[in-house]
>>> print(open('start-v2.csv').read())   # CSV, N, CA and C atoms and all ligand atoms
chain,number,residue,atom,x,y,z
A,1,MET,N,82.6,82.1,111.5
A,1,MET,CA,82.3,83.4,110.9
A,1,MET,C,83.6,84.2,110.8
A,2,SER,N,83.9,84.6,109.6
A,2,SER,CA,85.1,85.4,109.3
A,2,SER,C,84.7,86.9,109.1
A,3,SER,N,85.7,87.7,109.3
A,3,SER,CA,85.6,89.1,109.0
A,3,SER,C,86.3,89.5,107.7
A,4,TRP,N,85.6,90.2,106.9
A,4,TRP,CA,86.2,90.5,105.6
A,4,TRP,C,86.3,92.0,105.4
A,5,LYS,N,87.4,92.4,104.8
A,5,LYS,CA,87.6,93.8,104.6
A,5,LYS,C,87.7,94.1,103.1
A,6,CYS,N,87.0,95.0,102.6
A,6,CYS,CA,87.1,95.4,101.2
A,6,CYS,C,88.4,96.1,100.9
A,7,GLY,N,89.2,95.6,99.9
A,7,GLY,CA,90.5,96.1,99.6
A,7,GLY,C,90.4,97.5,99.0
A,8,LYS,N,89.2,97.9,98.6
A,8,LYS,CA,89.1,99.1,97.9
A,8,LYS,C,88.6,100.3,98.8
A,9,CYS,N,87.5,100.0,99.5
A,9,CYS,CA,86.9,101.1,100.3
A,9,CYS,C,87.1,100.9,101.8
A,10,GLY,N,87.6,99.7,102.2
A,10,GLY,CA,87.8,99.4,103.6
A,10,GLY,C,86.6,99.0,104.4
A,11,TYR,N,85.5,98.7,103.7
A,11,TYR,CA,84.3,98.2,104.3
A,11,TYR,C,84.5,96.9,104.9
A,12,VAL,N,84.1,96.7,106.2
A,12,VAL,CA,84.3,95.4,106.9
A,12,VAL,C,82.9,94.8,107.2
A,13,LEU,N,82.8,93.5,106.9
A,13,LEU,CA,81.6,92.8,107.2
A,13,LEU,C,81.9,91.4,107.7
A,14,LYS,N,81.0,90.8,108.4
A,14,LYS,CA,81.2,89.4,108.9
A,14,LYS,C,80.3,88.4,108.1
A,15,ALA,N,81.0,87.4,107.6
A,15,ALA,CA,80.3,86.4,106.8
A,15,ALA,C,81.2,85.1,106.7
A,16,GLU,N,80.5,84.0,106.3
A,16,GLU,CA,81.3,82.8,106.1
A,16,GLU,C,82.3,83.0,105.0
A,17,LYS,N,81.8,83.6,103.9
A,17,LYS,CA,82.6,83.8,102.7
A,17,LYS,C,82.5,85.2,102.3
A,18,PRO,N,83.5,85.7,101.6
A,18,PRO,CA,83.4,87.1,101.1
A,18,PRO,C,82.3,87.2,100.1
A,19,PRO,N,81.6,88.4,100.0
A,19,PRO,CA,80.5,88.5,99.1
A,19,PRO,C,81.0,88.7,97.7
A,20,GLU,N,80.1,88.5,96.7
A,20,GLU,CA,80.5,88.7,95.3
A,20,GLU,C,80.8,90.1,95.0
A,21,LYS,N,79.9,90.9,95.6
A,21,LYS,CA,80.1,92.4,95.4
A,21,LYS,C,80.1,93.1,96.7
A,22,CYS,N,80.9,94.1,96.8
A,22,CYS,CA,81.0,94.9,98.0
A,22,CYS,C,79.7,95.7,98.2
A,23,PRO,N,79.0,95.6,99.4
A,23,PRO,CA,77.8,96.3,99.6
A,23,PRO,C,78.0,97.8,99.7
A,24,SER,N,79.2,98.2,100.0
A,24,SER,CA,79.5,99.6,100.2
A,24,SER,C,79.8,100.3,98.9
A,25,CYS,N,80.8,99.9,98.2
A,25,CYS,CA,81.2,100.5,96.9
A,25,CYS,C,80.5,99.9,95.7
A,26,GLY,N,79.9,98.7,95.9
A,26,GLY,CA,79.1,98.1,94.8
A,26,GLY,C,79.9,97.5,93.7
A,27,GLU,N,81.2,97.3,93.9
A,27,GLU,CA,82.0,96.8,92.9
A,27,GLU,C,82.6,95.4,93.3
A,28,LYS,N,83.1,94.7,92.4
A,28,LYS,CA,83.7,93.4,92.7
A,28,LYS,C,85.1,93.6,93.2
A,29,CYS,N,85.1,93.8,94.5
A,29,CYS,CA,86.4,94.1,95.2
A,29,CYS,C,87.1,92.9,95.7
A,30,GLU,N,88.3,93.0,96.0
A,30,GLU,CA,89.1,92.0,96.6
A,30,GLU,C,88.8,92.1,98.1
A,31,PHE,N,88.2,91.0,98.7
A,31,PHE,CA,88.0,91.0,100.1
A,31,PHE,C,89.1,90.3,100.8
A,32,LEU,N,89.7,91.0,101.8
A,32,LEU,CA,90.8,90.4,102.6
A,32,LEU,C,90.3,89.8,103.9
A,33,ASP,N,90.8,88.7,104.3
A,33,ASP,CA,90.4,88.0,105.5
A,33,ASP,C,91.0,88.8,106.7
A,34,ASN,N,90.0,89.4,107.4
A,34,ASN,CA,90.3,90.3,108.5
A,34,ASN,C,90.1,89.7,109.8
A,35,SER,N,89.7,88.4,109.8
A,35,SER,CA,89.2,87.8,111.0
A,35,SER,C,90.2,87.7,112.2
A,36,CYS,N,91.5,87.6,111.9
A,36,CYS,CA,92.4,87.4,113.0
A,36,CYS,C,93.0,88.8,113.4
A,37,TYR,N,92.3,89.8,113.1
A,37,TYR,CA,92.7,91.1,113.6
A,37,TYR,C,91.7,91.6,114.6
A,38,THR,N,90.8,90.8,115.0
A,38,THR,CA,89.9,91.1,116.1
A,38,THR,C,90.6,90.9,117.4
A,39,PRO,N,90.3,91.6,118.5
A,39,PRO,CA,91.1,91.5,119.7
A,39,PRO,C,91.0,90.1,120.4
A,40,ASP,N,90.0,89.3,120.1
A,40,ASP,CA,89.9,88.0,120.8
A,40,ASP,C,90.7,86.9,120.0
A,41,CYS,N,91.3,87.3,118.9
A,41,CYS,CA,92.1,86.3,118.2
A,41,CYS,C,93.5,86.6,118.4
A,42,GLN,N,94.2,85.6,118.9
A,42,GLN,CA,95.7,85.8,119.2
A,42,GLN,C,96.6,85.3,118.1
A,43,GLN,N,96.0,84.7,117.1
A,43,GLN,CA,96.8,84.1,116.0
A,43,GLN,C,97.3,85.2,115.1
A,44,GLU,N,98.3,84.8,114.3
A,44,GLU,CA,98.8,85.7,113.3
A,44,GLU,C,97.8,85.8,112.2
A,45,GLY,N,97.7,87.0,111.6
A,45,GLY,CA,96.8,87.2,110.5
A,45,GLY,C,97.1,86.3,109.3
A,46,THR,N,96.0,85.9,108.7
A,46,THR,CA,96.2,85.0,107.5
A,46,THR,C,96.6,85.8,106.3
A,47,ASP,N,96.3,87.1,106.3
A,47,ASP,CA,96.5,87.9,105.1
A,47,ASP,C,97.3,89.1,105.6
A,48,LYS,N,98.5,89.2,105.2
A,48,LYS,CA,99.4,90.3,105.7
A,48,LYS,C,99.0,91.7,105.1
A,49,ARG,N,98.2,91.6,104.0
A,49,ARG,CA,97.9,92.9,103.3
A,49,ARG,C,96.8,93.7,104.0
A,50,VAL,N,96.1,93.1,105.0
A,50,VAL,CA,95.1,93.9,105.7
A,50,VAL,C,95.7,95.0,106.5
B,101,ZN,ZN,84.2,98.2,98.7
>>> encode(input="start-v2.csv", output="structure tokens")
Amino acid sequence: MSSWKCGKCGYVLKAEKPPEKCPSCGEKCEFLDNSCYTPDCQQEGTDKRV
């Protein structure tokens, strides 16, 4: 399970894959992989833009 953050409104959700549409702003946003920014993950983030 990965964590995804909406690049537009900052909404964060956990899912295997990013959703087609953001449940928060209702638009087709760019979702950034936020999963390695959780405290239990020691790895470097996969996406520097988060
Ligand atoms: Zn959004």
>>> closest_atom_pairs(input="start-v2.csv", of="chain A", to="ligand ZN 101 (chain B)", cutoff="6.5 Å", atoms="only N, CA and C atoms and all ligand atoms", output="CSV")
residue,atom,partner,partner_atom,distance
A:Cys6,CA,B:ZN101,ZN,4.7
A:Gly7,N,B:ZN101,ZN,5.8
A:Lys8,C,B:ZN101,ZN,4.9
A:Cys9,N,B:ZN101,ZN,3.8
A:Gly10,N,B:ZN101,ZN,5.1
A:Tyr11,N,B:ZN101,ZN,5.2
A:Cys22,CA,B:ZN101,ZN,4.6
A:Pro23,N,B:ZN101,ZN,5.9
A:Ser24,C,B:ZN101,ZN,4.9
A:Cys25,N,B:ZN101,ZN,3.8
A:Gly26,N,B:ZN101,ZN,5.2
A:Glu27,N,B:ZN101,ZN,5.7
A:Cys29,CA,B:ZN101,ZN,5.8
>>> atom_distance(input="start-v2.csv", atom1="atom CA of Glu16 of chain A", atom2="atom N of Phe31 of chain A")
13.0 Å
>>> residues_around(input="start-v2.csv", residues="Ser2 of chain A", least_positions_apart="6", cutoff="6 Å", atoms="only C-alpha atoms", output="PyMOL selection string")
chain A and resi 14-16+35
>>> atom_distance(input="start-v2.csv", atom1="atom CA of Lys21 of chain A", atom2="atom C of Met1 of chain A")
17.8 Å
>>> select_by_dssp(input="start-v2.csv", residues="segment 6-38 of chain A", states="strand (DSSP E)", output="list in words")
Cys6, Val12, Leu13, Lys14, Ala15, Phe31, Leu32 and Asp33 of chain A
>>> write_last_selection(input="start-v2.csv", atoms="N, CA and C atoms", output="short mmCIF file (atom, residue, chain, number, x, y, z; two decimals), in the coordinates of the input")
data_model
loop_
_atom_site.label_atom_id
_atom_site.label_comp_id
_atom_site.auth_asym_id
_atom_site.auth_seq_id
_atom_site.Cartn_x
_atom_site.Cartn_y
_atom_site.Cartn_z
N CYS A 6 87.00 95.00 102.60
CA CYS A 6 87.10 95.40 101.20
C CYS A 6 88.40 96.10 100.90
N VAL A 12 84.10 96.70 106.20
CA VAL A 12 84.30 95.40 106.90
C VAL A 12 82.90 94.80 107.20
N LEU A 13 82.80 93.50 106.90
CA LEU A 13 81.60 92.80 107.20
C LEU A 13 81.90 91.40 107.70
N LYS A 14 81.00 90.80 108.40
CA LYS A 14 81.20 89.40 108.90
C LYS A 14 80.30 88.40 108.10
N ALA A 15 81.00 87.40 107.60
CA ALA A 15 80.30 86.40 106.80
C ALA A 15 81.20 85.10 106.70
N PHE A 31 88.20 91.00 98.70
CA PHE A 31 88.00 91.00 100.10
C PHE A 31 89.10 90.30 100.80
N LEU A 32 89.70 91.00 101.80
CA LEU A 32 90.80 90.40 102.60
C LEU A 32 90.30 89.80 103.90
N ASP A 33 90.80 88.70 104.30
CA ASP A 33 90.40 88.00 105.50
C ASP A 33 91.00 88.80 106.70
#
